[in-house]
Every structure is written in C-alpha cells, then in structure tokens.
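Have a look at model07.txt below; it lists compact mmCIF, C-alpha atoms.
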# COMPACT_ATOMS: atom_id res chain seq x y z
CA MET A 1 -3.59 -8.83 -12.48
CA GLU A 2 -5.01 -11.80 -10.68
CA PRO A 3 -4.90 -15.39 -11.91
CA ALA A 4 -8.66 -15.33 -12.36
CA GLU A 5 -8.29 -12.48 -14.83
CA ALA A 6 -5.64 -14.34 -16.79
CA GLU A 7 -8.01 -17.29 -16.89
CA PHE A 8 -10.74 -15.05 -18.24
CA LEU A 9 -8.47 -13.93 -21.05
CA ALA A 10 -7.51 -17.52 -21.75
CA GLU A 11 -11.11 -18.49 -22.30
CA LYS A 12 -11.06 -16.73 -25.65
CA GLU A 13 -8.86 -19.40 -27.16
CA LEU A 14 -10.48 -21.73 -29.67
CA VAL A 15 -10.97 -25.41 -29.03
CA THR A 16 -12.71 -28.16 -31.03
CA ILE A 17 -15.90 -29.75 -29.79
CA VAL A 18 -18.38 -32.26 -31.13
CA PRO A 19 -21.85 -31.01 -30.32
CA SER A 20 -24.82 -33.22 -29.73
CA PHE A 21 -27.46 -30.70 -30.73
CA SER A 22 -28.11 -28.57 -33.77
CA MET A 23 -28.31 -24.85 -34.09
CA ASP A 24 -27.90 -22.28 -36.80
CA ARG A 25 -25.11 -19.82 -37.04
CA VAL A 26 -24.99 -17.39 -34.09
CA HIS A 27 -23.76 -13.83 -34.56
CA LEU A 28 -22.03 -12.40 -31.54
CA ILE A 29 -20.08 -9.20 -31.12
CA GLY A 30 -16.79 -11.07 -30.97
CA GLY A 31 -17.47 -13.06 -34.11
CA ASP A 32 -19.71 -15.77 -35.49
CA LEU A 33 -20.19 -19.17 -33.97
CA GLY A 34 -20.65 -21.54 -36.81
CA PRO A 35 -23.67 -23.79 -37.33
CA PHE A 36 -23.84 -26.69 -34.89
CA ASN A 37 -24.70 -30.10 -36.25
CA PRO A 38 -24.68 -33.21 -34.12
CA GLY A 39 -21.55 -35.24 -34.63
CA LEU A 40 -19.68 -32.69 -36.71
CA PRO A 41 -16.66 -31.06 -35.03
CA VAL A 42 -16.71 -27.30 -34.80
CA GLU A 43 -14.34 -24.72 -33.30
CA VAL A 44 -15.65 -22.59 -30.48
CA PRO A 45 -14.07 -20.47 -27.73
CA VAL A 46 -13.30 -22.22 -24.49
CA TRP A 47 -15.91 -20.39 -22.48
CA LEU A 48 -18.65 -21.78 -24.69
CA ALA A 49 -17.09 -25.23 -24.76
CA ILE A 50 -17.00 -25.43 -20.96
CA ASN A 51 -20.56 -24.22 -20.72
CA LEU A 52 -21.86 -26.74 -23.22
CA LYS A 53 -19.90 -29.51 -21.56
CA GLN A 54 -21.40 -28.69 -18.20
CA ARG A 55 -24.84 -28.94 -19.75
CA GLN A 56 -23.79 -32.20 -21.37
CA LYS A 57 -24.39 -30.98 -24.87
CA CYS A 58 -21.01 -31.66 -26.40
CA ARG A 59 -17.83 -33.69 -26.23
CA LEU A 60 -14.49 -31.95 -26.03
CA ILE A 61 -11.56 -32.86 -28.22
CA PRO A 62 -8.22 -32.08 -26.55
CA PRO A 63 -5.94 -29.67 -28.44
CA ALA A 64 -3.08 -31.19 -30.45
CA TRP A 65 -0.45 -30.33 -27.89
CA MET A 66 -2.28 -31.88 -24.96
CA ASP A 67 -0.77 -35.27 -25.54
CA VAL A 68 1.65 -37.24 -23.38
CA GLU A 69 4.48 -37.58 -25.90
CA LYS A 70 4.31 -34.01 -27.06
CA LEU A 71 4.32 -32.70 -23.52
CA GLU A 72 7.26 -34.92 -22.62
CA GLU A 73 9.18 -33.48 -25.54
CA ILE A 74 8.33 -29.95 -24.48
CA ARG A 75 9.35 -30.65 -20.92
CA ASP A 76 12.69 -32.15 -21.93
CA GLN A 77 13.47 -29.32 -24.25
CA GLU A 78 12.63 -26.82 -21.55
CA ARG A 79 15.05 -28.52 -19.21
CA LYS A 80 17.82 -28.53 -21.79
CA GLU A 81 17.66 -24.92 -22.89
CA ASP A 82 18.78 -21.97 -20.83
CA THR A 83 16.28 -19.62 -22.38
CA PHE A 84 12.54 -20.06 -22.55
CA THR A 85 11.19 -22.28 -25.29
CA PRO A 86 8.05 -21.21 -27.06
CA MET A 87 5.02 -22.83 -25.54
CA PRO A 88 2.34 -24.45 -27.71
CA SER A 89 -0.19 -22.01 -26.41
CA PRO A 90 0.30 -18.71 -24.62
CA TYR A 91 -2.24 -19.91 -22.07
CA TYR A 92 -1.11 -23.46 -21.55
CA MET A 93 -1.48 -23.37 -17.79
CA GLU A 94 -5.00 -21.98 -17.78
CA LEU A 95 -6.20 -24.27 -20.54
CA THR A 96 -4.78 -27.28 -18.78
CA LYS A 97 -6.58 -26.40 -15.59
CA LEU A 98 -9.90 -25.67 -17.29
CA LEU A 99 -9.97 -28.64 -19.58
CA LEU A 100 -8.74 -31.11 -17.03
CA ASN A 101 -11.22 -29.92 -14.44
CA TYR A 102 -14.30 -29.94 -16.58
CA ALA A 103 -13.60 -32.45 -19.35
CA SER A 104 -11.17 -34.97 -17.96
CA ASP A 105 -13.27 -37.82 -19.27
CA ASN A 106 -12.66 -36.64 -22.82
CA ILE A 107 -8.91 -36.43 -22.39
CA PRO A 108 -6.85 -39.59 -22.28
CA LYS A 109 -4.24 -39.94 -19.51
CA ALA A 110 -5.38 -36.77 -17.77
CA ASP A 111 -3.25 -37.27 -14.66
CA GLU A 112 -0.05 -37.73 -16.56
CA ILE A 113 -0.76 -34.65 -18.57
CA ARG A 114 -1.32 -32.69 -15.38
CA THR A 115 2.00 -33.87 -13.98
CA LEU A 116 3.89 -33.07 -17.16
CA VAL A 117 2.48 -29.58 -17.40
CA LYS A 118 3.29 -28.94 -13.76
CA ASP A 119 6.88 -30.08 -14.34
CA THR A 120 7.25 -27.72 -17.26
CA TRP A 121 5.79 -24.90 -15.19
CA ASP A 122 8.25 -25.52 -12.37
CA THR A 123 11.20 -25.53 -14.75
CA ARG A 124 10.12 -22.28 -16.32
CA MET A 125 9.56 -20.58 -12.96
CA ALA A 126 13.02 -21.65 -11.82
CA LYS A 127 14.54 -20.16 -14.98
CA LEU A 128 12.57 -16.99 -14.42
CA ARG A 129 13.89 -16.61 -10.90
CA LEU A 130 17.43 -17.27 -12.03
CA SER A 131 17.25 -14.61 -14.69
CA ALA A 132 15.62 -12.15 -12.26
CA ASP A 133 18.47 -12.71 -9.84
CA SER A 134 21.14 -12.16 -12.48
CA PHE A 135 19.27 -9.08 -13.66
CA VAL A 136 19.38 -7.59 -10.18
CA ARG A 137 22.94 -8.62 -9.53
CA GLN A 138 24.28 -6.93 -12.62
CA GLN A 139 22.06 -3.90 -12.13
CA GLU A 140 20.97 -3.93 -15.73
CA ALA A 141 18.56 -1.38 -17.02
CA HIS A 142 16.65 -3.60 -19.45
CA ALA A 143 16.05 -7.26 -19.88
CA LYS A 144 14.28 -9.11 -22.66
CA LEU A 145 12.61 -12.40 -22.00
CA ASP A 146 10.92 -14.17 -24.87
CA ASN A 147 8.19 -16.72 -24.72
CA LEU A 148 6.90 -15.97 -21.26
CA THR A 149 3.22 -16.51 -20.61
CA LEU A 150 0.90 -14.18 -18.77
CA MET A 151 0.41 -16.44 -15.78
CA GLU A 152 4.14 -16.67 -15.12
CA ILE A 153 4.55 -12.94 -15.37
CA ASN A 154 1.67 -12.43 -12.93
CA THR A 155 3.02 -14.72 -10.27
CA ILE A 156 6.37 -13.00 -9.99
CA GLY A 157 5.37 -9.55 -11.27
CA THR A 158 4.51 -7.62 -8.13
CA PHE A 159 7.53 -8.86 -6.23
CA LEU A 160 9.96 -8.12 -9.03
CA THR A 161 8.70 -4.64 -9.80
CA GLN A 162 8.78 -3.63 -6.14
CA ALA A 163 12.29 -4.97 -5.69
CA LEU A 164 13.50 -3.15 -8.79
CA ASP A 165 11.86 0.05 -7.52
CA HIS A 166 13.79 -0.18 -4.28
CA MET A 167 16.99 -0.93 -6.11
CA TYR A 168 16.52 2.06 -8.36
CA LYS A 169 16.02 4.39 -5.40
CA LEU A 170 19.05 3.03 -3.63
CA ARG A 171 21.04 3.47 -6.80
CA THR A 172 20.14 7.12 -7.18
CA ASN A 173 21.59 7.60 -3.70
CA LEU A 174 24.99 6.93 -5.19
CA GLN A 175 24.89 10.07 -7.25
CA PRO A 176 25.78 13.08 -5.12
CA SER A 177 22.62 15.06 -4.62
CA GLY A 178 22.21 18.52 -6.11
CA SER A 179 21.92 21.69 -4.09
CA ALA A 180 19.55 21.54 -1.18
CA GLU A 181 16.17 22.59 -2.36
CA SER A 182 14.45 22.29 0.98
CA GLN A 183 13.48 25.37 2.88
CA ASP A 184 16.24 26.81 5.00
CA PHE A 185 15.24 29.18 7.75
CA MET B 1 -6.77 -3.88 -7.62
CA ALA B 2 -9.16 -5.41 -5.13
CA GLU B 3 -7.49 -3.86 -2.13
CA ALA B 4 -9.09 -1.12 -0.10
CA TYR B 5 -5.92 0.42 1.26
CA PHE B 6 -2.75 1.32 -0.62
CA PRO B 7 -0.07 2.23 1.90
CA VAL B 8 2.49 4.85 0.94
CA GLY B 9 5.86 3.19 0.64
CA PRO B 10 9.05 4.45 2.24
CA GLY B 11 11.06 6.97 0.28
CA LEU B 12 14.52 5.48 0.05
CA GLY B 13 16.27 8.59 -1.07
CA PRO B 14 17.60 11.61 0.73
CA GLU B 15 14.04 12.78 1.38
CA GLU B 16 11.61 10.60 3.20
CA ASN B 17 7.96 10.30 2.25
CA PHE B 18 5.90 12.44 4.55
CA LEU B 19 2.90 10.14 4.53
CA SER B 20 4.73 6.85 4.85
CA LEU B 21 4.27 5.05 8.15
CA ASP B 22 7.48 3.15 7.61
CA ASP B 23 9.41 6.37 7.30
CA ILE B 24 7.83 7.80 10.43
CA LEU B 25 8.85 4.77 12.44
CA MET B 26 12.27 4.77 10.87
CA SER B 27 13.01 8.34 11.77
CA GLN B 28 12.45 7.51 15.44
CA GLU B 29 15.59 5.36 15.48
CA LYS B 30 18.43 6.76 17.54
CA LEU B 31 21.66 8.22 16.23
CA PRO B 32 24.75 8.85 18.34
CA GLY B 33 26.20 12.33 18.24
CA ARG B 34 27.74 15.14 20.22
CA ALA B 35 26.52 18.57 21.08
CA GLU B 36 28.80 21.16 19.56
CA SER B 37 27.49 24.26 21.19
CA ASN B 38 25.83 25.22 24.42
CA LEU B 39 22.25 24.15 24.53
CA PRO B 40 21.08 25.76 27.74
CA ARG B 41 18.13 24.26 29.56
CA LEU B 42 17.70 21.51 27.03
CA ALA B 43 19.44 18.75 28.94
CA PHE B 44 16.31 16.83 29.84
CA ALA B 45 14.90 17.02 26.32
CA LEU B 46 18.06 15.50 24.91
CA GLY B 47 18.17 12.68 27.40
CA GLN B 48 20.99 13.73 29.69
CA GLY B 49 19.37 12.42 32.84
CA SER B 50 21.34 9.22 32.94
CA GLY B 51 23.99 9.75 30.30
CA ALA B 52 23.35 6.80 28.07
CA GLY B 53 19.63 6.62 28.65
CA SER B 54 16.82 6.95 26.18
CA GLY B 55 15.93 10.32 24.79
CA ASP B 56 12.69 10.83 26.61
CA SER B 57 13.52 9.94 30.19
CA ILE B 58 13.14 12.83 32.54
CA PRO B 59 15.30 12.43 35.62
CA GLU B 60 13.43 12.34 38.92
CA VAL B 61 13.48 15.41 41.01
CA THR B 62 11.65 14.51 44.21
CA VAL B 63 10.84 17.40 46.48
CA GLY B 64 10.58 15.60 49.83
CA GLY B 65 14.09 14.42 50.62
CA ASN B 66 13.19 13.46 54.21
CA TYR B 67 10.40 11.15 53.18
CA ASN B 68 12.77 8.96 51.23
CA SER B 69 15.35 8.81 53.90
CA ARG B 70 12.82 7.45 56.43
CA GLN B 71 12.19 4.42 54.32
CA ALA B 72 15.81 3.45 53.90
CA PRO B 73 17.60 3.65 57.17
CA ARG B 74 21.04 3.11 55.81
CA GLY B 75 20.43 5.64 53.11
CA ALA B 76 19.19 8.07 55.73
CA VAL B 77 22.43 7.87 57.64
CA GLN B 78 24.41 8.54 54.53
CA GLY B 79 21.96 11.16 53.43
CA GLY B 80 22.25 12.97 56.71
CA GLN B 81 26.00 13.11 56.42
CA ARG B 82 26.05 14.20 52.87
CA ARG B 83 23.33 16.70 53.04
CA SER B 84 25.56 18.84 55.11
CA GLY B 85 28.09 19.03 52.32
CA ALA B 86 27.56 20.34 48.81
CA GLY B 87 26.18 17.64 46.55
CA HIS B 88 27.80 16.77 43.25
CA ALA B 89 26.76 14.57 40.41
CA GLY B 90 29.18 11.90 41.55
CA SER B 91 27.84 11.57 45.08
CA ALA B 92 24.31 11.35 43.80
CA ARG B 93 25.01 7.79 42.79
CA ARG B 94 26.22 6.53 46.09
CA GLY B 95 23.09 6.53 48.24
CA ARG B 96 19.37 6.57 48.04
CA GLY B 97 18.35 9.36 50.39
CA LEU B 98 20.06 12.10 48.50
CA ARG B 99 17.23 13.82 46.79
CA GLY B 100 17.80 17.07 48.54
CA ALA B 101 21.50 17.04 47.69
CA GLU B 102 20.74 16.29 44.08
CA ARG B 103 18.65 19.29 43.62
CA PRO B 104 21.36 21.92 43.49
CA CYS B 105 23.58 19.83 41.18
CA PHE B 106 20.73 18.99 38.84
CA HIS B 107 19.90 22.63 38.66
CA ARG B 108 23.45 23.45 37.77
CA ARG B 109 23.64 20.94 34.96
CA TYR B 110 20.24 21.97 33.78
CA CYS B 111 21.45 25.49 33.16
CA GLU B 112 24.95 24.65 32.17
CA GLY B 113 24.40 23.48 28.65
CA LEU B 114 25.88 20.47 27.06
CA ARG B 115 28.83 21.39 24.95
CA GLY B 116 30.82 18.36 24.03
CA SER B 117 28.62 15.79 25.71
CA LYS B 118 27.44 12.68 23.96
CA LEU B 119 23.84 12.48 22.83
CA GLU B 120 21.55 9.81 21.48
CA ILE B 121 18.91 11.57 19.49
CA PRO B 122 16.26 10.34 17.10
CA MET B 123 16.85 10.83 13.40
CA TRP B 124 14.09 13.40 12.93
CA LEU B 125 15.68 15.60 15.56
CA ALA B 126 19.15 15.12 14.11
CA LYS B 127 17.98 16.13 10.67
CA GLY B 128 16.26 19.19 12.00
CA LEU B 129 19.22 20.36 14.06
CA HIS B 130 21.80 19.61 11.42
CA ASP B 131 23.14 22.71 9.78
CA SER B 132 26.64 23.12 8.44
CA LYS B 133 26.63 26.82 9.26
CA ARG B 134 25.39 26.87 12.84
CA ARG B 135 27.05 23.72 14.15
CA LEU B 136 24.58 22.76 16.82
CA ILE B 137 25.29 19.06 16.84
CA SER B 138 27.57 16.70 15.06
CA VAL B 139 26.51 13.16 14.29
CA GLU B 140 28.51 10.00 14.21
CA LEU B 141 27.72 6.94 12.21
CA PRO B 142 26.03 4.12 14.08
CA LYS B 143 28.35 1.16 14.22
CA ILE B 144 26.50 -0.85 11.64
CA TYR B 145 27.38 1.66 8.93
CA LYS B 146 31.02 1.84 9.87
CA GLU B 147 34.00 0.24 8.20
CA ALA B 148 34.00 -2.97 10.24
CA TRP B 149 30.42 -3.88 9.50
CA ARG B 150 30.76 -2.80 5.89
CA THR B 151 33.36 -5.50 5.35
CA VAL B 152 31.04 -8.02 6.95
CA PHE B 153 28.32 -7.06 4.51
CA SER B 154 30.58 -7.26 1.52
CA ALA B 155 31.80 -10.69 2.59
CA ASP B 156 28.39 -12.26 2.94
CA ALA B 157 25.28 -10.20 3.38
CA ASN B 158 22.98 -13.13 3.95
CA VAL B 159 24.15 -14.08 7.40
CA VAL B 160 23.48 -10.72 9.03
CA ASP B 161 20.38 -10.38 11.16
CA LEU B 162 19.13 -7.11 9.78
CA HIS B 163 16.11 -7.07 12.03
CA LYS B 164 18.23 -6.89 15.11
CA MET B 165 20.57 -4.30 13.66
CA GLY B 166 17.86 -1.69 13.45
CA PRO B 167 14.82 -2.86 11.57
CA TYR B 168 15.13 0.00 9.09
CA TYR B 169 18.62 -0.56 7.75
CA TYR B 170 18.03 0.67 4.22
CA GLY B 171 15.85 3.64 5.06
CA PHE B 172 18.02 4.82 7.92
CA GLY B 173 21.13 4.42 5.82
CA SER B 174 19.65 6.51 3.06
CA GLN B 175 18.83 9.24 5.57
CA LEU B 176 22.38 9.18 6.90
CA LEU B 177 23.58 10.38 3.53
CA ASN B 178 22.02 13.73 4.36
CA PHE B 179 24.73 14.52 6.84
CA ASP B 180 27.95 15.51 5.18
CA ASN B 181 30.30 12.71 5.88
CA PRO B 182 33.36 11.74 3.88
CA GLU B 183 32.30 8.10 3.93
CA ASN B 184 28.95 8.70 2.21
CA PRO B 185 29.74 7.09 -1.15
CA GLU B 186 30.94 3.93 0.54
CA ILE B 187 27.86 3.77 2.72
CA ALA B 188 25.56 4.19 -0.27
CA GLN B 189 27.42 1.52 -2.19
CA CYS B 190 27.34 -0.86 0.75
CA ILE B 191 23.59 -0.49 1.22
CA LEU B 192 22.97 -1.14 -2.46
CA GLN B 193 25.20 -4.20 -2.53
CA THR B 194 23.60 -5.63 0.58
CA PHE B 195 20.18 -5.34 -0.98
CA ILE B 196 21.32 -7.01 -4.18
CA ASN B 197 22.99 -9.87 -2.35
CA ARG B 198 20.01 -10.60 -0.16
CA PHE B 199 17.50 -10.37 -3.00
CA ARG B 200 17.96 -13.97 -4.13
CA ARG B 201 17.22 -15.45 -0.77
CA ILE B 202 14.11 -13.34 -0.25
CA MET B 203 12.80 -14.28 -3.67
CA ASP B 204 13.37 -17.99 -3.22
CA SER B 205 11.93 -18.18 0.26
CA SER B 206 8.88 -16.09 -0.51
CA GLN B 207 8.00 -17.92 -3.70
CA ASN B 208 8.41 -21.40 -2.30
CA ALA B 209 6.94 -21.33 1.18
CA TYR B 210 3.29 -22.18 0.74
CA ASN B 211 1.07 -22.71 3.76
CA GLU B 212 3.99 -22.88 6.13
CA ASP B 213 5.01 -20.99 9.18
CA THR B 214 7.27 -18.32 7.75
CA SER B 215 8.38 -16.72 11.00
CA SER B 216 11.80 -18.32 10.83
CA LEU B 217 12.28 -17.03 7.29
CA VAL B 218 11.39 -13.42 8.04
CA ALA B 219 13.13 -13.24 11.40
CA ARG B 220 16.34 -11.90 9.96
CA LEU B 221 14.89 -9.50 7.42
CA ASP B 222 14.46 -5.82 7.91
CA GLU B 223 11.17 -4.05 7.31
CA LEU B 224 11.73 -3.27 3.65
CA GLU B 225 12.60 -6.87 2.93
CA ARG B 226 9.60 -8.06 4.88
CA ALA B 227 7.29 -6.03 2.68
CA LEU B 228 8.92 -7.60 -0.36
CA PHE B 229 8.52 -11.04 1.17
CA GLN B 230 4.83 -10.43 1.64
CA ALA B 231 4.45 -9.35 -1.97
CA GLY B 232 6.09 -12.57 -3.09
CA GLN B 233 3.91 -14.63 -0.77
CA LYS B 234 0.81 -12.96 -2.09
CA GLY B 235 1.73 -13.83 -5.67
CA LEU B 236 2.31 -17.43 -4.68
CA ASN B 237 -0.86 -17.72 -2.62
CA ASP B 238 -2.99 -16.20 -5.33
CA PHE B 239 -1.67 -18.68 -7.86
CA GLN B 240 -2.13 -21.71 -5.62
CA CYS B 241 -5.59 -20.61 -4.62
CA TRP B 242 -6.54 -20.25 -8.25
CA GLU B 243 -5.14 -23.60 -9.14
CA LYS B 244 -7.17 -25.28 -6.45
CA GLY B 245 -10.26 -23.66 -7.81
CA GLN B 246 -10.91 -21.46 -4.82
CA ALA B 247 -10.64 -18.30 -6.87
CA SER B 248 -14.09 -18.79 -8.31
CA GLN B 249 -15.77 -19.67 -5.03
CA ILE B 250 -17.73 -16.98 -3.32
CA THR B 251 -16.55 -16.54 0.25
CA VAL B 252 -17.61 -14.30 3.07
CA SER B 253 -15.69 -11.06 3.17
CA SER B 254 -13.47 -10.86 6.22
CA LEU B 255 -14.85 -7.46 7.15
CA VAL B 256 -18.40 -8.74 7.32
CA GLN B 257 -17.44 -11.84 9.16
CA ASN B 258 -15.92 -9.83 11.94
CA TYR B 259 -19.18 -8.10 12.68
CA GLY B 260 -20.59 -11.34 13.99
CA LYS B 261 -24.04 -10.48 12.69
CA ARG B 262 -24.30 -13.31 10.22
CA LYS B 263 -26.66 -15.55 12.09
CA PHE B 264 -29.22 -16.58 9.54
CA THR B 265 -30.44 -19.58 11.46
CA GLU B 266 -31.59 -17.47 14.37
CA MET B 267 -33.25 -14.88 12.23
CA ASP B 268 -35.14 -17.32 10.08
CA GLY B 269 -36.90 -19.13 12.88
Spit out the file's structure as structure tokens when you get a sec.
Amino acid sequence: MEPAEAEFLAEKELVTIVPSFSMDRVHLIGGDLGPFNPGLPVEVPVWLAINLKQRQKCRLIPPAWMDVEKLEEIRDQERKEDTFTPMPSPYYMELTKLLLNYASDNIPKADEIRTLVKDTWDTRMAKLRLSADSFVRQQEAHAKLDNLTLMEINTIGTFLTQALDHMYKLRTNLQPSGSAESQDF
Amino acid sequence: MAEAYFPVGPGLGPEENFLSLDDILMSQEKLPGRAESNLPRLAFALGQGSGAGSGDSIPEVTVGGNYNSRQAPRGAVQGGQRRSGAGHAGSARRGRGLRGAERPCFHRRYCEGLRGSKLEIPMWLAKGLHDSKRRLISVELPKIYKEAWRTVFSADANVVDLHKMGPYYYGFGSQLLNFDNPENPEIAQCILQTFINRFRRIMDSSQNAYNEDTSSLVARLDELERALFQAGQKGLNDFQCWEKGQASQITVSSLVQNYGKRKFTEMDG
C-alpha cells in the first residue's frame, strides 16, 4: 500500500467545522451529512472539510488532541515506554499533514505541532526497528505489536516481509531434505 | 501495485527458481573440484588449457609454427632446437616458437582424460554432473564456506565484504547443500546466522539514508541484501515524497519522457 492510499483511508475520519453557508441534510451512500447552518459547528469527514476549506466556505476546528500540551505529553510517554502507546487517532500522521497543509491558519502554533508529531513519529519508528531486529535475531514465529498505525506499517512493511521470507527459506535449509524428487536419468 | 514488472526472486532452498535472473547469474559462479573418472576429450570444455584458468578458455593451437618463429628470433632459435625433440607440456612454457612442438602434446592430453586433476567448474555444471552413484566429479567447498571463514562470520558478520566474496553468498551456499558433505548442517547454520546478524545494519542504513549517495553503504552487501536495501529505500522514499506533497502531483511518466516526443511548443506553432 502506498502512503497516498493510507491518506485516502484517513480522509474518512470526522472533524468539526464551522460552515459559513447553509444547506439541508445531504444523504450520501456512506451516511448523512447533517444540515449546515452558518456559525454552527458540525461534524463532517475530512475530505469534505478540506474541500470546503479550499473553497473558503468553512473554518476548521482542530481535533482535541492537536494541541501543544497534549502532544508533548504523548511524546514524553512514547519515549518512556518500551512498547507502543495508543495514539489519539489511528491516522495521526495523515491528519496532521492534511490539516496543517490546508488549514494552518485555523490551528494555533502549527509549527510546534508539526515538530512534536514528527518527534513522536521518529520515536515510534525507532521502536519498530528495534523490535523487528529482536524478532529476527530470536527467529520467532509470531510477534504481536499493539497500537501501530497504518502509515508506520506501510513504511517498513515491504522490507520486513521480504527479509522474513528470506530468513524462512534459509531456515528450512537446516532441515535435512527428503528424498530427491527430481528426475534421475 | 503500480509496477509493471515483478521479477521472480531467487529460490534460497535446495532448488533454484528456474525463472529467476539472480539464480541464473548465481549458478555461473565457479566451484573448485576434482575429476574422479576419465573424461576423455573433454579437457578443453572443463578449462584445462592453462590449469587454473577460467572454464571457457580454449587453448591456442596455431597451425603455422614457422610463421611465429620468424617474428621472434630468439624464440626461433629455441624452437628450432626443440622441434627436433619430442615436445612435452613442460617445454611448451619455455619459448614462444613452439607451436609445432605443442601439437603432439596437446593432442595427447586431449585424449588422455583428466582423472584426478583439479577443475574449476560453474555451479550449474557441477550440479548436473554430481551423482553419488557414478562418481564423475567431486566438489570441494570454496574457501568462504570452510571452517576458517565460518569462525569469522560467527565472530562478527558485519565486517565481511560479501560482495567481494562472491556476490551470491546466500544463494550459492544454499546450492552447496545439494552435494553430500558432512559439513552441511554447519554451513546452513552459518549462512542463517550471517543473515540475521547483518539484518540490523541493512535495515538501519536503508531506512535512514534519504537523498544521499548510497554506494558506500551497498558496497559490502551481496545481491540478496542489495535487493532488501532497495526495498527499504523505496519505503522511505515513498513516505518522504508523500510528506512533501509530491504524491498528489501529476508528473510525466519516465517511459514517455524517454521517447523525447513531448515537444508541445514546436507542435503548437
């Protein structure tokens, strides 16, 4: 899966906006989008929020976790723990990128938030690599990692699965092979 | 998903993948061995022209001995003296105008067969000729799979330049397990442990080197590890490209760009 596909999936998450136009309830296949009244906050999926923002028809309200103190707490806890801490949103990286690119004027201290999220990302990737290395070293058959997000899995996925494939084949070499099934003539 | 070509990977087990380019190149690597029975008239095919030469060199047999001797006066004097006597393989090395003398000795070795002589044959040939019942050839382990190098690998696998030691260390080693050899379990274990020990370094270097010249990082990796390195690089590059916003920009496909036909300004005039 490519990062753009993960971003596409992330755009289904709900975010609060304050529209500046009015419209009745819209019925879409995925669900209803509630009536829009100017000045009244309403929850919509991110794809619609970005679109309306680009047309200057709404104002975005940042999600509760996109706040400097909260993100600092999350970052510090991530650094303390050895395992992965649950993230406020399974798509935190994609949402950060989308919201900070298109609606940075609605989000206070956007640059600091970007830095904090990047720090958390780096810590989590380092933990992921460490656990992948110990997985390979001990030649385990299964590993369980909680609280990983899709984007992290994507970045390391191809490499890790190929390496584990090779390791598996080399490991089956250790067993003495059965009788020769190839054609003898 | 967006790729046009999915290459067949190398089979790392006792059987190689028929369609894998990596395996084809790997099986061309040479293996030292000895001929156990007479192989008449096959000397030139098995590279006996110069003893330790490559497997496909055909030794020169020039027909005009006199022609050569005219060009090298000193050689001609020696050639004249020696042509009177019977030529042997040993004297063939001493002068240049000895083509005529070589001919009878080459002919003798050509028909003699090779029992007991050392050979360097490619892996595909060794696998084909290997048969525990007919005993045509016997293979020895290349030095990198022997005891001495195995201890080097177990001490620290990261320092070894696997590209120099045969760029197909893992594949070739897996193929070696086909030949019955009492050391096979140790070889298999050593290959596995080497891979595990080097994994960390490949992962770190491939996931952290963005937009840099990576030639120094891949110089010491063998082909299997290089493929892994590229997979890691691709993951990293895709992520960085997405983060910069380039993933949603429409760019010219590299195939079309190479045609050189995209000259709108000229056409529009």
Distance filter 9 Å, only C-alpha atoms, chain A against chain B, as an NGL selection string
:A and (1-4 or 94 or 97 or 129-130 or 132-133 or 136-139 or 151 or 154-160 or 162-163 or 166-167 or 169-177)
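CA of Arg114 (chain A) is found 25.0 Å from CA of Pro41 (chain A).
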Do you have the CA of Ser104 (chain A)-CA of Pro45 (chain A) distance handy?
17.7 Å
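One distance worth recording is that between CA of Val152 (chain B) and CA of Phe172 (chain B), which is 18.3 Å.
Residue nearest His130 (chain B), chosen from B:Tyr145, B:Tyr168, B:Phe179, B:Phe153 and counting only C-alpha atoms: B:Phe179.
Of the residues listed (A:Pro62, A:Leu52, A:Ile113, A:Leu95), A:Ile113 shows the shortest atom-to-atom separation from Ile74 (chain A); distances use all atoms listed in the file.
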